[in-house]
Each structure stands twice: as structure tokens, then as C-alpha cells.
$ cat my_file_25.txt   # compact mmCIF, C-alpha atoms and all ligand atoms
# COMPACT_ATOMS: atom_id res chain seq x y z
CA MET C 1 0.00 0.00 0.00
CA LEU C 2 2.92 2.34 0.55
CA PHE C 3 3.43 2.91 -3.15
CA SER C 4 0.20 1.67 -4.70
CA SER C 5 -0.31 3.38 -8.00
CA ARG C 6 -3.53 4.94 -9.14
CA SER C 7 -5.15 7.30 -11.53
CA LYS C 8 -8.37 8.35 -9.80
CA ALA C 9 -9.18 11.38 -7.69
CA LEU C 10 -7.30 11.42 -4.42
CA ILE C 11 -7.22 13.78 -1.45
CA GLY C 12 -3.81 14.68 -0.02
CA LEU C 13 -4.30 14.69 3.75
CA ASP C 14 -1.64 16.15 6.05
CA ILE C 15 -2.36 15.34 9.70
CA THR C 16 -0.10 17.18 12.15
CA THR C 17 -0.14 17.95 15.85
CA SER C 18 -1.55 21.39 15.08
CA SER C 19 -3.72 21.02 12.01
CA ILE C 20 -5.45 18.82 9.49
CA LYS C 21 -5.06 20.05 5.92
CA LEU C 22 -6.39 18.54 2.76
CA ILE C 23 -6.10 19.42 -0.89
CA GLU C 24 -7.16 17.73 -4.09
CA LEU C 25 -5.23 18.28 -7.32
CA SER C 26 -6.40 17.29 -10.79
CA GLY C 27 -4.84 17.29 -14.26
CA SER C 28 -1.17 16.54 -14.62
CA LEU C 29 2.05 17.85 -13.10
CA GLY C 30 2.58 20.52 -15.76
CA ASN C 31 -1.08 21.47 -15.93
CA CYS C 32 -2.47 21.16 -12.49
CA ARG C 33 -5.60 22.46 -10.83
CA ALA C 34 -6.49 22.68 -7.14
CA GLU C 35 -10.05 21.36 -6.90
CA CYS C 36 -10.68 21.87 -3.21
CA TYR C 37 -8.95 22.74 0.01
CA ALA C 38 -9.71 22.90 3.72
CA ALA C 39 -7.86 23.07 7.03
CA GLU C 40 -9.09 22.34 10.55
CA ALA C 41 -7.32 22.75 13.88
CA THR C 42 -6.33 19.40 15.37
CA PRO C 43 -8.48 18.71 18.46
CA PRO C 44 -6.50 19.36 21.67
CA ASN C 45 -4.63 16.32 23.03
CA SER C 46 -5.65 14.06 20.16
CA ILE C 47 -2.13 13.82 18.72
CA ASN C 48 0.88 13.47 20.95
CA GLU C 49 4.36 13.78 19.40
CA LYS C 50 3.09 12.75 15.95
CA THR C 51 1.18 9.77 17.40
CA ILE C 52 -2.61 9.84 17.11
CA VAL C 53 -3.93 8.99 20.57
CA ASP C 54 -7.59 9.81 19.89
CA ALA C 55 -8.49 8.51 16.43
CA ALA C 56 -12.19 9.29 16.91
CA ALA C 57 -11.54 12.98 17.61
CA VAL C 58 -9.07 13.28 14.73
CA GLY C 59 -11.58 11.46 12.51
CA GLU C 60 -14.27 13.99 13.41
CA ALA C 61 -11.96 16.88 12.49
CA ILE C 62 -11.09 15.20 9.18
CA ARG C 63 -14.80 14.75 8.50
CA ARG C 64 -15.40 18.47 9.14
CA ALA C 65 -12.53 19.41 6.82
CA VAL C 66 -13.86 17.19 4.03
CA LYS C 67 -17.31 18.69 4.41
CA ARG C 68 -15.93 22.22 4.31
CA ALA C 69 -13.83 21.37 1.24
CA GLY C 70 -16.99 20.21 -0.48
CA THR C 71 -15.41 17.20 -2.22
CA LYS C 72 -17.06 13.91 -3.08
CA THR C 73 -13.71 12.13 -3.26
CA ARG C 74 -13.32 9.52 -0.54
CA GLU C 75 -9.87 8.14 -1.27
CA VAL C 76 -6.96 9.75 0.49
CA ALA C 77 -3.17 9.71 0.58
CA ILE C 78 -1.62 10.08 4.03
CA GLY C 79 1.98 10.36 5.14
CA ILE C 80 4.00 8.92 7.96
CA SER C 81 7.04 10.68 9.37
CA VAL C 82 10.52 9.84 8.18
CA ASP C 83 11.57 8.62 11.63
CA ALA C 84 8.80 6.00 11.50
CA ALA C 85 10.04 4.61 8.18
CA ILE C 86 12.86 2.28 7.26
CA THR C 87 14.14 2.56 3.72
CA LYS C 88 16.76 0.34 2.16
CA GLU C 89 17.97 -0.09 -1.37
CA ILE C 90 18.54 -3.73 -2.28
CA LEU C 91 19.87 -5.45 -5.39
CA LEU C 92 18.00 -8.38 -6.96
CA PRO C 93 18.66 -10.38 -10.12
CA ARG C 94 17.07 -8.76 -13.14
CA LYS C 95 15.83 -12.02 -14.61
CA LEU C 96 13.35 -12.69 -11.77
CA ALA C 97 9.68 -13.02 -12.73
CA PRO C 98 7.39 -10.54 -10.90
CA ASN C 99 6.17 -13.13 -8.37
CA GLN C 100 9.74 -14.27 -7.71
CA LEU C 101 10.73 -10.64 -7.22
CA GLU C 102 8.07 -10.28 -4.54
CA GLU C 103 9.27 -13.43 -2.79
CA GLN C 104 12.87 -12.24 -2.85
CA VAL C 105 11.89 -8.82 -1.52
CA GLU C 106 10.11 -10.50 1.37
CA ILE C 107 13.17 -12.60 2.21
CA GLN C 108 15.41 -9.54 2.09
CA ALA C 109 12.92 -7.45 4.03
CA ASP C 110 13.01 -10.00 6.81
CA GLN C 111 16.78 -9.59 6.89
CA TYR C 112 16.89 -5.78 6.97
CA ILE C 113 13.91 -4.87 9.10
CA PRO C 114 14.62 -5.04 12.84
CA PHE C 115 11.05 -6.06 13.79
CA PRO C 116 9.07 -9.30 13.45
CA MET C 117 7.58 -9.33 9.94
CA ALA C 118 4.12 -9.88 11.43
CA GLU C 119 4.33 -6.36 12.90
CA VAL C 120 5.57 -4.70 9.73
CA SER C 121 3.95 -3.17 6.63
CA TYR C 122 6.25 -2.85 3.68
CA ASP C 123 6.27 -2.17 -0.02
CA PHE C 124 8.88 -1.85 -2.74
CA GLN C 125 9.54 -0.06 -5.95
CA VAL C 126 11.90 -1.03 -8.74
CA ILE C 127 14.26 1.87 -9.40
CA GLY C 128 16.01 0.40 -12.46
CA PRO C 129 19.06 -1.59 -13.49
CA SER C 130 22.22 -1.22 -11.42
CA ALA C 131 24.96 0.84 -13.06
CA GLN C 132 27.65 -1.42 -11.53
CA ASP C 133 26.05 -4.72 -12.52
CA PRO C 134 23.58 -4.68 -15.43
CA ASP C 135 22.26 -8.11 -14.39
CA MET C 136 20.97 -6.69 -11.15
CA LEU C 137 17.97 -4.51 -10.43
CA ARG C 138 17.93 -1.72 -7.84
CA VAL C 139 14.86 -2.07 -5.64
CA LEU C 140 13.79 0.41 -2.96
CA LEU C 141 12.31 -1.27 0.08
CA VAL C 142 10.19 0.88 2.40
CA ALA C 143 8.82 -0.42 5.66
CA THR C 144 7.22 0.76 8.85
CA ARG C 145 5.73 -0.85 11.92
CA THR C 146 2.09 -1.48 11.10
CA GLU C 147 1.06 0.35 14.29
CA ASN C 148 2.41 3.60 12.75
CA VAL C 149 0.02 3.18 9.85
CA ASP C 150 -2.86 1.74 11.88
CA GLN C 151 -3.59 4.79 14.05
CA ARG C 152 -3.64 7.03 10.95
CA ARG C 153 -5.74 4.56 9.05
CA ALA C 154 -8.19 4.39 11.99
CA ALA C 155 -8.59 8.18 12.05
CA VAL C 156 -9.13 8.32 8.28
CA GLU C 157 -11.66 5.49 8.39
CA ALA C 158 -13.45 7.12 11.32
CA ALA C 159 -14.02 10.05 8.94
CA GLY C 160 -15.62 7.71 6.41
CA LEU C 161 -12.65 7.89 4.03
CA VAL C 162 -10.49 5.24 2.40
CA PRO C 163 -6.73 5.38 2.98
CA GLN C 164 -5.55 4.51 -0.52
CA VAL C 165 -1.90 5.54 -0.39
CA VAL C 166 0.48 5.69 2.55
CA ASP C 167 3.56 7.72 1.70
CA ILE C 168 6.54 8.95 3.66
CA ASP C 169 6.59 12.66 4.41
CA SER C 170 10.04 13.16 2.87
CA TYR C 171 8.90 11.58 -0.41
CA ALA C 172 5.80 13.77 -0.34
CA LEU C 173 8.05 16.78 0.15
CA GLU C 174 10.27 15.75 -2.76
CA ASN C 175 7.19 15.37 -4.94
CA ALA C 176 5.77 18.72 -3.85
CA CYS C 177 9.05 20.48 -4.66
CA GLN C 178 8.33 19.83 -8.35
CA LEU C 179 5.55 22.38 -7.93
CA MET C 180 8.15 24.95 -6.81
CA ALA C 181 10.59 24.26 -9.68
CA HIS C 182 9.37 27.48 -11.34
CA GLN C 183 10.98 29.44 -8.49
CA MET C 184 14.33 27.68 -8.69
CA PRO C 185 17.35 28.49 -10.89
CA ASP C 186 17.25 26.12 -13.93
CA ALA C 187 14.16 24.49 -12.41
CA GLY C 188 16.45 23.03 -9.76
CA MET C 189 18.55 20.94 -12.18
CA GLY C 190 22.27 21.14 -11.53
CA HIS C 191 21.65 22.97 -8.26
CA LEU C 192 21.46 22.40 -4.55
CA ILE C 193 18.25 23.90 -3.14
CA ALA C 194 17.48 24.02 0.57
CA VAL C 195 13.81 23.84 1.54
CA VAL C 196 12.89 24.74 5.12
CA ASP C 197 9.37 23.92 6.27
CA PHE C 198 8.67 25.89 9.47
CA GLY C 199 5.52 24.40 11.02
CA ALA C 200 3.84 24.91 14.36
CA SER C 201 6.00 22.65 16.51
CA ASN C 202 8.14 20.98 13.93
CA THR C 203 10.59 22.15 11.29
CA THR C 204 12.04 20.11 8.46
CA PHE C 205 15.18 21.21 6.65
CA SER C 206 15.77 19.38 3.38
CA VAL C 207 18.31 19.75 0.63
CA LEU C 208 17.50 18.85 -2.96
CA GLN C 209 20.15 18.02 -5.51
CA ASP C 210 18.79 17.84 -9.06
CA MET C 211 15.33 17.86 -7.42
CA ARG C 212 16.04 14.75 -5.31
CA VAL C 213 16.13 14.98 -1.53
CA VAL C 214 19.71 14.21 -0.47
CA TYR C 215 19.49 15.44 3.12
CA THR C 216 16.72 15.83 5.71
CA ARG C 217 16.84 17.17 9.24
CA ASP C 218 13.71 17.20 11.32
CA PHE C 219 13.71 19.12 14.59
CA SER C 220 11.42 20.53 17.18
CA PHE C 221 10.96 24.26 16.43
CA GLY C 222 8.05 26.28 15.11
CA GLY C 223 5.45 29.01 15.32
CA GLN C 224 4.00 27.63 18.54
CA GLN C 225 7.03 29.14 20.30
CA LEU C 226 6.10 32.60 18.99
CA THR C 227 2.48 32.10 20.06
CA GLU C 228 3.62 31.15 23.58
CA GLU C 229 5.87 34.20 23.77
CA ILE C 230 2.92 36.42 22.79
CA MET C 231 0.79 34.76 25.49
CA ARG C 232 3.49 35.37 28.11
CA THR C 233 4.29 38.94 27.07
CA TYR C 234 0.72 40.22 26.71
CA GLY C 235 -1.18 37.86 29.02
CA LEU C 236 -3.33 36.51 26.18
CA SER C 237 -5.05 33.14 25.82
CA LEU C 238 -3.66 30.65 23.32
CA GLU C 239 -6.48 31.41 20.92
CA ASP C 240 -6.13 35.20 21.12
CA ALA C 241 -2.35 35.02 20.80
CA GLY C 242 -2.63 32.80 17.71
CA ARG C 243 -5.11 35.19 16.13
CA ALA C 244 -3.12 38.34 16.98
CA LYS C 245 -0.01 36.76 15.49
CA LYS C 246 -1.74 36.39 12.12
CA GLU C 247 -4.01 39.42 12.14
CA GLY C 248 -1.95 42.01 14.02
CA GLY C 249 -3.19 44.53 16.57
CA LEU C 250 -0.46 43.88 19.17
CA PRO C 251 1.29 46.76 21.01
CA SER C 252 4.10 48.57 19.18
CA ASN C 253 6.88 46.79 21.08
CA TYR C 254 5.74 43.47 19.52
CA GLY C 255 7.98 43.86 16.45
CA PRO C 256 11.29 44.70 18.11
CA GLU C 257 10.82 42.74 21.35
CA VAL C 258 8.93 39.60 20.36
CA LEU C 259 8.79 39.08 16.60
CA ASP C 260 12.34 40.07 15.62
CA PRO C 261 13.96 37.74 18.17
CA PHE C 262 11.80 34.91 16.79
CA ILE C 263 12.87 35.68 13.22
CA ASP C 264 16.46 35.62 14.49
CA ASP C 265 15.77 32.16 15.96
CA MET C 266 14.42 30.99 12.59
CA THR C 267 17.55 32.33 10.90
CA GLN C 268 19.79 30.58 13.40
CA GLN C 269 17.96 27.30 12.83
CA VAL C 270 18.66 27.66 9.12
CA SER C 271 22.36 28.43 9.72
CA ARG C 272 22.72 25.49 12.07
CA SER C 273 20.97 23.13 9.65
CA LEU C 274 23.28 24.30 6.86
CA GLN C 275 26.28 23.50 9.05
CA PHE C 276 24.91 20.01 9.76
CA PHE C 277 24.31 19.52 6.06
CA LEU C 278 27.83 20.65 5.10
CA ALA C 279 29.30 18.28 7.70
CA SER C 280 27.09 15.35 6.68
CA GLY C 281 29.24 14.00 3.87
CA GLU C 282 31.96 14.69 1.37
CA HIS C 283 31.36 17.02 -1.57
CA ARG C 284 28.65 18.91 0.25
CA GLY C 285 28.48 22.48 -1.06
CA GLN C 286 26.56 25.57 -0.04
CA PRO C 287 23.00 25.50 -1.52
CA ASP C 288 22.30 27.99 -4.32
CA GLN C 289 18.90 28.94 -2.94
CA ILE C 290 16.75 28.63 0.16
CA LEU C 291 12.98 28.26 -0.10
CA VAL C 292 11.16 29.01 3.13
CA CYS C 293 7.86 27.17 3.56
CA GLY C 294 5.40 26.23 6.30
CA GLY C 295 2.98 28.52 8.11
CA CYS C 296 5.82 30.62 9.58
CA ALA C 297 6.90 31.63 6.06
CA ASN C 298 3.91 34.01 6.21
CA ILE C 299 5.75 36.20 8.70
CA PRO C 300 6.48 39.40 6.76
CA GLY C 301 10.13 39.93 5.84
CA VAL C 302 11.39 36.56 6.97
CA ALA C 303 12.96 35.63 3.61
CA ASP C 304 14.90 38.92 3.48
CA VAL C 305 16.30 38.47 6.97
CA ILE C 306 17.41 34.90 6.26
CA SER C 307 18.88 35.93 2.92
CA SER C 308 20.94 38.78 4.35
CA LYS C 309 22.18 36.90 7.43
CA VAL C 310 22.88 33.54 5.77
CA GLY C 311 24.11 35.00 2.49
CA ILE C 312 22.07 32.73 0.20
CA PRO C 313 19.24 34.00 -2.04
CA THR C 314 16.03 33.19 -0.18
CA GLU C 315 12.40 33.15 -1.29
CA ILE C 316 9.06 32.09 0.12
CA GLY C 317 8.19 28.71 -1.40
CA ASP C 318 4.86 28.70 -3.18
CA PRO C 319 3.72 25.25 -4.38
CA LEU C 320 0.52 26.74 -5.79
CA GLY C 321 2.23 29.55 -7.73
CA GLN C 322 1.63 28.01 -11.15
CA ILE C 323 -1.49 26.03 -10.38
CA LYS C 324 -4.97 26.88 -11.52
CA ILE C 325 -7.43 27.22 -8.70
CA SER C 326 -11.04 26.09 -9.03
CA SER C 327 -13.64 28.58 -7.87
CA ARG C 328 -14.47 26.27 -4.98
CA ALA C 329 -10.85 26.15 -3.76
CA LYS C 330 -10.43 29.89 -4.33
CA ALA C 331 -13.33 30.57 -2.04
CA GLN C 332 -11.53 28.48 0.56
CA ASN C 333 -8.51 30.79 0.52
CA VAL C 334 -6.08 28.20 -0.67
CA ARG C 335 -3.57 30.74 -2.05
CA LYS C 336 -3.23 32.45 1.30
CA ASP C 337 -2.18 29.18 2.94
CA ALA C 338 -0.10 27.91 0.00
CA THR C 339 3.26 27.89 1.71
CA ALA C 340 1.95 25.61 4.49
CA LEU C 341 0.61 23.09 1.98
CA LEU C 342 3.82 21.45 0.86
CA THR C 343 3.16 18.05 2.45
CA ALA C 344 -0.54 18.04 1.55
CA CYS C 345 0.33 18.89 -2.09
CA GLY C 346 3.00 16.20 -2.25
CA LEU C 347 0.49 13.63 -1.04
CA ALA C 348 -2.20 14.90 -3.42
CA LEU C 349 0.24 14.54 -6.34
CA ARG C 350 0.14 10.78 -5.83
CA SER C 351 -3.12 10.83 -7.83
CA PHE C 352 -0.94 11.44 -10.94
CA ASP C 353 1.09 8.22 -10.49
N1 LIG N 401 0.19 34.73 8.75
C1 LIG N 401 0.92 34.10 9.68
N2 LIG N 401 1.80 34.80 10.44
C2 LIG N 401 2.54 34.17 11.37
N3 LIG N 401 2.47 32.86 11.65
C3 LIG N 401 1.61 32.13 10.93
C4 LIG N 401 0.79 32.70 9.91
N4 LIG N 401 0.05 31.72 9.37
C5 LIG N 401 0.38 30.58 10.02
N5 LIG N 401 1.31 30.82 10.97
C6 LIG N 401 1.90 29.88 11.92
O1 LIG N 401 2.40 28.75 11.24
C7 LIG N 401 2.31 27.60 12.09
C8 LIG N 401 1.62 26.48 11.35
O2 LIG N 401 2.38 26.12 10.23
P1 LIG N 401 2.06 24.79 9.43
O3 LIG N 401 0.65 24.78 9.03
O4 LIG N 401 3.08 24.68 8.36
O5 LIG N 401 2.33 23.71 10.58
P2 LIG N 401 1.97 22.17 10.66
O6 LIG N 401 2.55 21.48 9.48
O7 LIG N 401 0.50 22.02 10.85
O8 LIG N 401 2.67 21.73 12.00
P3 LIG N 401 3.96 20.85 12.28
O9 LIG N 401 4.75 20.83 11.00
O10 LIG N 401 4.63 21.51 13.40
O11 LIG N 401 3.49 19.51 12.65
C9 LIG N 401 1.51 28.00 13.31
O12 LIG N 401 2.37 28.25 14.39
C10 LIG N 401 0.84 29.29 12.83
O13 LIG N 401 0.54 30.16 13.89
MG MG N 402 4.16 20.65 8.49
$ encode --input "my_file_25.txt" --output "C-alpha cells" --more "lines below"
Ligand SMILES: Nc1ncnc2c1ncn2[C@@H]1O[C@H](COP(=O)(O)OP(=O)(O)OP(=O)(O)O)[C@@H](O)[C@H]1O
Ligand SMILES: [Mg+2]
Amino acid sequence: MLFSSRSKALIGLDITTSSIKLIELSGSLGNCRAECYAAEATPPNSINEKTIVDAAAVGEAIRRAVKRAGTKTREVAIGISVDAAITKEILLPRKLAPNQLEEQVEIQADQYIPFPMAEVSYDFQVIGPSAQDPDMLRVLLVATRTENVDQRRAAVEAAGLVPQVVDIDSYALENACQLMAHQMPDAGMGHLIAVVDFGASNTTFSVLQDMRVVYTRDFSFGGQQLTEEIMRTYGLSLEDAGRAKKEGGLPSNYGPEVLDPFIDDMTQQVSRSLQFFLASGEHRGQPDQILVCGGCANIPGVADVISSKVGIPTEIGDPLGQIKISSRAKAQNVRKDATALLTACGLALRSFD
């Protein structure tokens, strides 16, 4: 199920600790249209550290989002986090018949996956012939403990939907980056591009080389910290602080005393991630561009600050920049939230497989 291919309508569903976002894309990669979009806040205490602990509550929120989006599509693609996935490239003889290939993958999976096979869901994809040995086939094996999929599946099913594709967030991100190629020098080919997704509690720093993810760092940092600082400084409730952050109306010392230090923190996280990336292997060079994504990319001026302090051209990543928007999705304000929709878009793109 991890890679199952399809050609029918599919909802990309991004379930995080802070929100549930869904988007449906139609057409083809070069000629793509957003059919519908909706986001819902994740019910309090229903997801703990990326684990769904209350599938019924999450299911209800998904159901509300689907209703608001106004879609009839019931099949969805969901993602699991990179840390929950095991990926391994294996080599198998090219002459194997398809059923023999499956058998061999299972034998190899048993060898590489450190859990009893009864507790594991896995899938594989043939990458192509090996450059070193033309008689061998490169096969990508992807596995996760079934429990990681089960809680997400339960929430999706509780909403009356069908989990058709289970992807890995980093693959979804790689897919979604194709929608930002129009912003990259030479559409990303021949370049290193860093993509930073600043969420609510989580940030993912990825580096693409020729549009393939070659490095990922996932760490705990995000807009929730700014919300909490606003709560502390101005004695506001969580809800009011979250709203004020997006809509303004805070006292004049908010910029210099609260917001600017947070933007400095974001910049430092980028610098640190770049250092980790440069130290992560030989031949690592400085990226040619940084694309800032996630909800925090909506903070005015953030790209300019990062660009001037880090010294790399920086832009806000917009996966919907070249996409047509249906009137239904337009009414749902999808453009305004575009930069936070990277994962949801990457999952939705699986309908083009
Ligand atoms: N206009 C805005 N100005 C400032 N912050 C914003 C704005 N819009 C959204 N945010 C912040 O972005 C964060 C949410 O980003 P995003 O939707 O990318 O996170 P997420 O993917 O749901 O969460 P996570 O990745 O942490 O699991 C929240 O902290 C939110 O307050
Ligand atoms: Mg996110």
C-alpha cells in the first residue's frame, strides 16, 4: 500500500499535531488544478508527538474538513514521518519473474527490518538496473511498523474515508518540490536547493540536488514558540495570541521585542541546519537557494532576513504559484495558505502516479 499506483481522484491529507489540511489536485504535473482545500485545527490532546492517541476525535476533524472542502472524493493519501520509516535499497537479479521478485523482496525485508515481519507493513519499488552490474535490479524497500500506519488509518476510516496511499513525508516533500521548480534556478537541475518547512511545533530542513532529496533534518521548532511568547508577554489566551499573530493589533513593542527575536531564531535554525548539512558528507556544497515554507513563512520579511544573514538568495516557497485554482478552492482561501501546503500537495500529487 505504501506505493500503490492509481489514476483516480485522491485527497492529499496532512495530519499534524496542530492542524489537518487537505487538498485535491487534478490534471497533470505541468497542468495542475487545485479542486478543493480545507484546514481544521487538530483537536487538543488528540495527537501526541506525531502519534494519534484519539483517532475518533481526529476522525471527526477530518470529516469536518472534508465537508468544508466540499469534495465527493473519498480516497486519500496520508503520510508517515521519516523517523517511522525504514528505507533500504537492495539489489536483486534482473531475470526474476514478478512473483519471484516479490518473494525475494520479502526474504530480504526480513533480513533488513529489525522487527518481526508480522508487525511490519512494507512495499517496494523497482528503481532500475544497477549501473555497476547490469544483471541486477535496484529495488527500494520501504517499511514501517504497522502500528504507525494503523492509528492514521483508523482516524481516516473514522471520517468515512479510504486510505488509498500511505507515503513517507520526505517523499511527499520531494514530490511537492516539483511544484516549486518554477521558483528555482534552472528548475532546480544542476543545483542544490534548501527547503525549510517551518511548522507549528516541527521544522524540516531538506536539501535537494537535481530535485532529489539528499538530506533531511527534522527538529522541534516552530510558530508555537512565537504564540507562547505572545501569550506570556501580553497575558493573552492561546487562541487570542494565535489570532493576533496572524491578524496584528499587538502593542508597538511586539515587532522589536517579540517578533524580531523569533525571526532571528528561525535564521539561526537555518544556519545550524546548513552546518549540519555541510558536515554530513563529502562534496557537500553551499546550496544555491533557500525556499522558506510552512505557516511561519507568512511572517512578513522573513525571507529577506534569512537571505541577508545567511548569504544565500532566499524566497518564500509557493507550491501553488503556477497552479490553476477552481472557484471552490479559491473561495476556501487556498492561495493564502499555499506555503503551508507542501506536504498536503506532495500527497495529493500521488493521484498522478
Ligand atoms: N500569517 C501568519 N503569520 C505568522 N504565523 C503564521 C501565519 N500563518 C500561520 N502561521 C503559523 O504557522 C504555524 C503552522 O504552520 P504549518 O501549518 O506549516 O504547521 P503544521 O505542518 O501544521 O505543524 P507541524 O509541522 O509543526 O506539525 C503556526 O504556528 C501558525 O501560527
Ligand atoms: Mg508541516
$ closest_residue --input "my_file_25.txt" --among "C:Ala200, C:Val139, C:Leu226, C:Met117" --to "ligand MG 402 (chain N)" --atoms "all atoms listed in the file"
C:Ala200
$ residues_near_ligand --input "my_file_25.txt" --ligand "ligand LIG 401 (chain N)" --cutoff "8 Å" --atoms "only C-alpha atoms and all ligand atoms" --output "number ranges by chain"
C: 14-21, 50, 197-204, 220-227, 242-243, 245-247, 293-300, 337, 339-341, 343
$ atom_distance --input "my_file_25.txt" --atom1 "CA of Val270 (chain C)" --atom2 "CA of Ile230 (chain C)"
22.6 Å
$ closest_residue --input "my_file_25.txt" --among "C:Leu13, C:Ala97, C:Leu278, C:Val105" --to "ligand MG 402 (chain N)" --atoms "all atoms listed in the file"
C:Leu13
$ atom_distance --input "my_file_25.txt" --atom1 "CA of Asp318 (chain C)" --atom2 "CA of Ala338 (chain C)"
5.9 Å
$ closest_residue --input "my_file_25.txt" --among "C:Pro114, C:Pro44, C:Gly79, C:Gly70" --to "ligand MG 402 (chain N)" --atoms "all atoms listed in the file"
C:Gly79
$ residues_around --input "my_file_25.txt" --residues "Ser121 (chain C)" --least-positions-apart "4" --cutoff "7 Å" --atoms "all atoms listed in the file" --output "PyMOL selection string"
chain C and resi 143-146
$ atom_distance --input "my_file_25.txt" --atom1 "CA of Asn333 (chain C)" --atom2 "CA of Glu40 (chain C)"
13.1 Å
$ closest_residue --input "my_file_25.txt" --among "C:Arg33, C:Arg272, C:Arg138, C:Arg284" --to "Leu208 (chain C)" --atoms "all atoms listed in the file"
C:Arg284
$ closest_residue --input "my_file_25.txt" --among "C:Glu282, C:Glu239, C:Asp169, C:Asp264" --to "ligand MG 402 (chain N)" --atoms "only C-alpha atoms and all ligand atoms"
C:Asp169
$ residues_around --input "my_file_25.txt" --residues "region 210-218 of chain C" --least-positions-apart "2" --cutoff "10 Å" --atoms "all atoms listed in the file" --output "NGL selection string"
:C and (81-83 or 170-171 or 173-175 or 177-178 or 181 or 184 or 186-197 or 202-208 or 220-221 or 273-274 or 276-277 or 280-281)
$ axis_aligned_box --input "my_file_25.txt" --around "region 306-320 of chain C" --padding-each-side "5 Å" --output "AutoDock Vina command-line options"
--center_x 12.3 --center_y 32.0 --center_z 0.8 --size_x 33.6 --size_y 23.5 --size_z 23.2
$ closest_residue --input "my_file_25.txt" --among "C:Lys309, C:Arg335, C:Lys8, C:Lys88" --to "Gln164 (chain C)" --atoms "all atoms listed in the file"
C:Lys8
$ residues_around --input "my_file_25.txt" --residues "Asp150 (chain C)" --least-positions-apart "3" --cutoff "12 Å" --atoms "all atoms listed in the file" --output "NGL selection string"
:C and (51-53 or 55 or 78-80 or 119-121 or 144-147 or 153-158 or 163 or 166)
$ write_last_selection --input "my_file_25.txt" --atoms "C-alpha atoms" --output "PDB file, in the frame of the given file"
ATOM      1  CA  THR C  51       1.180   9.770  17.400  1.00  0.00           C
ATOM      2  CA  ILE C  52      -2.610   9.840  17.110  1.00  0.00           C
ATOM      3  CA  VAL C  53      -3.930   8.990  20.570  1.00  0.00           C
ATOM      4  CA  ALA C  55      -8.490   8.510  16.430  1.00  0.00           C
ATOM      5  CA  ILE C  78      -1.620  10.080   4.030  1.00  0.00           C
ATOM      6  CA  GLY C  79       1.980  10.360   5.140  1.00  0.00           C
ATOM      7  CA  ILE C  80       4.000   8.920   7.960  1.00  0.00           C
ATOM      8  CA  GLU C 119       4.330  -6.360  12.900  1.00  0.00           C
ATOM      9  CA  VAL C 120       5.570  -4.700   9.730  1.00  0.00           C
ATOM     10  CA  SER C 121       3.950  -3.170   6.630  1.00  0.00           C
ATOM     11  CA  THR C 144       7.220   0.760   8.850  1.00  0.00           C
ATOM     12  CA  ARG C 145       5.730  -0.850  11.920  1.00  0.00           C
ATOM     13  CA  THR C 146       2.090  -1.480  11.100  1.00  0.00           C
ATOM     14  CA  GLU C 147       1.060   0.350  14.290  1.00  0.00           C
ATOM     15  CA  ARG C 153      -5.740   4.560   9.050  1.00  0.00           C
ATOM     16  CA  ALA C 154      -8.190   4.390  11.990  1.00  0.00           C
ATOM     17  CA  ALA C 155      -8.590   8.180  12.050  1.00  0.00           C
ATOM     18  CA  VAL C 156      -9.130   8.320   8.280  1.00  0.00           C
ATOM     19  CA  GLU C 157     -11.660   5.490   8.390  1.00  0.00           C
ATOM     20  CA  ALA C 158     -13.450   7.120  11.320  1.00  0.00           C
ATOM     21  CA  PRO C 163      -6.730   5.380   2.980  1.00  0.00           C
ATOM     22  CA  VAL C 166       0.480   5.690   2.550  1.00  0.00           C
TER      23      VAL C 166
END
$ residues_around --input "my_file_25.txt" --residues "Asn31 (chain C)" --least-positions-apart "6" --cutoff "12 Å" --atoms "all atoms listed in the file" --output "list in words"
Leu25, Leu179, Leu320, Gly321, Gln322, Ile323, Lys324, Ile325, Leu349 and Phe352 of chain C
$ residues_around --input "my_file_25.txt" --residues "Val302 (chain C)" --least-positions-apart "4" --cutoff "10 Å" --atoms "only C-alpha atoms" --output "compact mmCIF listing (two decimals) with C-alpha atoms, keeping the file's coordinate frame"
# COMPACT_ATOMS: atom_id res chain seq x y z
CA ASP C 260 12.34 40.07 15.62
CA PHE C 262 11.80 34.91 16.79
CA ILE C 263 12.87 35.68 13.22
CA ASP C 264 16.46 35.62 14.49
CA MET C 266 14.42 30.99 12.59
CA THR C 267 17.55 32.33 10.90
CA VAL C 292 11.16 29.01 3.13
CA CYS C 296 5.82 30.62 9.58
CA ALA C 297 6.90 31.63 6.06
CA ASN C 298 3.91 34.01 6.21
CA ILE C 306 17.41 34.90 6.26
CA SER C 307 18.88 35.93 2.92
CA THR C 314 16.03 33.19 -0.18
CA GLU C 315 12.40 33.15 -1.29
CA ILE C 316 9.06 32.09 0.12
$ decode --input "my_file_25.txt" --residues "region 264-275 of chain C" --atoms "N, CA and C atoms" --output "mmCIF file, in the first residue's frame"
data_model
loop_
_atom_site.group_PDB
_atom_site.id
_atom_site.type_symbol
_atom_site.label_atom_id
_atom_site.label_comp_id
_atom_site.auth_asym_id
_atom_site.auth_seq_id
_atom_site.Cartn_x
_atom_site.Cartn_y
_atom_site.Cartn_z
ATOM 1 N N ASP C 264 15.036 35.953 14.300
ATOM 2 C CA ASP C 264 16.461 35.622 14.490
ATOM 3 C C ASP C 264 16.630 34.140 14.821
ATOM 4 N N ASP C 265 15.713 33.599 15.639
ATOM 5 C CA ASP C 265 15.771 32.161 15.957
ATOM 6 C C ASP C 265 15.596 31.320 14.689
ATOM 7 N N MET C 266 14.644 31.735 13.845
ATOM 8 C CA MET C 266 14.423 30.994 12.594
ATOM 9 C C MET C 266 15.704 31.000 11.757
ATOM 10 N N THR C 267 16.326 32.191 11.685
ATOM 11 C CA THR C 267 17.554 32.329 10.899
ATOM 12 C C THR C 267 18.654 31.433 11.441
ATOM 13 N N GLN C 268 18.762 31.421 12.786
ATOM 14 C CA GLN C 268 19.790 30.578 13.404
ATOM 15 C C GLN C 268 19.555 29.105 13.128
ATOM 16 N N GLN C 269 18.276 28.702 13.124
ATOM 17 C CA GLN C 269 17.962 27.301 12.828
ATOM 18 C C GLN C 269 18.389 26.948 11.408
ATOM 19 N N VAL C 270 18.233 27.911 10.499
ATOM 20 C CA VAL C 270 18.658 27.661 9.121
ATOM 21 C C VAL C 270 20.180 27.535 9.065
ATOM 22 N N SER C 271 20.885 28.469 9.730
ATOM 23 C CA SER C 271 22.358 28.426 9.718
ATOM 24 C C SER C 271 22.870 27.117 10.291
ATOM 25 N N ARG C 272 22.276 26.715 11.410
ATOM 26 C CA ARG C 272 22.721 25.487 12.069
ATOM 27 C C ARG C 272 22.471 24.278 11.161
ATOM 28 N N SER C 273 21.293 24.248 10.542
ATOM 29 C CA SER C 273 20.966 23.130 9.654
ATOM 30 C C SER C 273 21.935 23.066 8.479
ATOM 31 N N LEU C 274 22.309 24.265 7.965
ATOM 32 C CA LEU C 274 23.277 24.295 6.860
ATOM 33 C C LEU C 274 24.616 23.718 7.304
ATOM 34 N N GLN C 275 25.018 24.051 8.539
ATOM 35 C CA GLN C 275 26.276 23.496 9.047
ATOM 36 C C GLN C 275 26.200 21.979 9.147
#
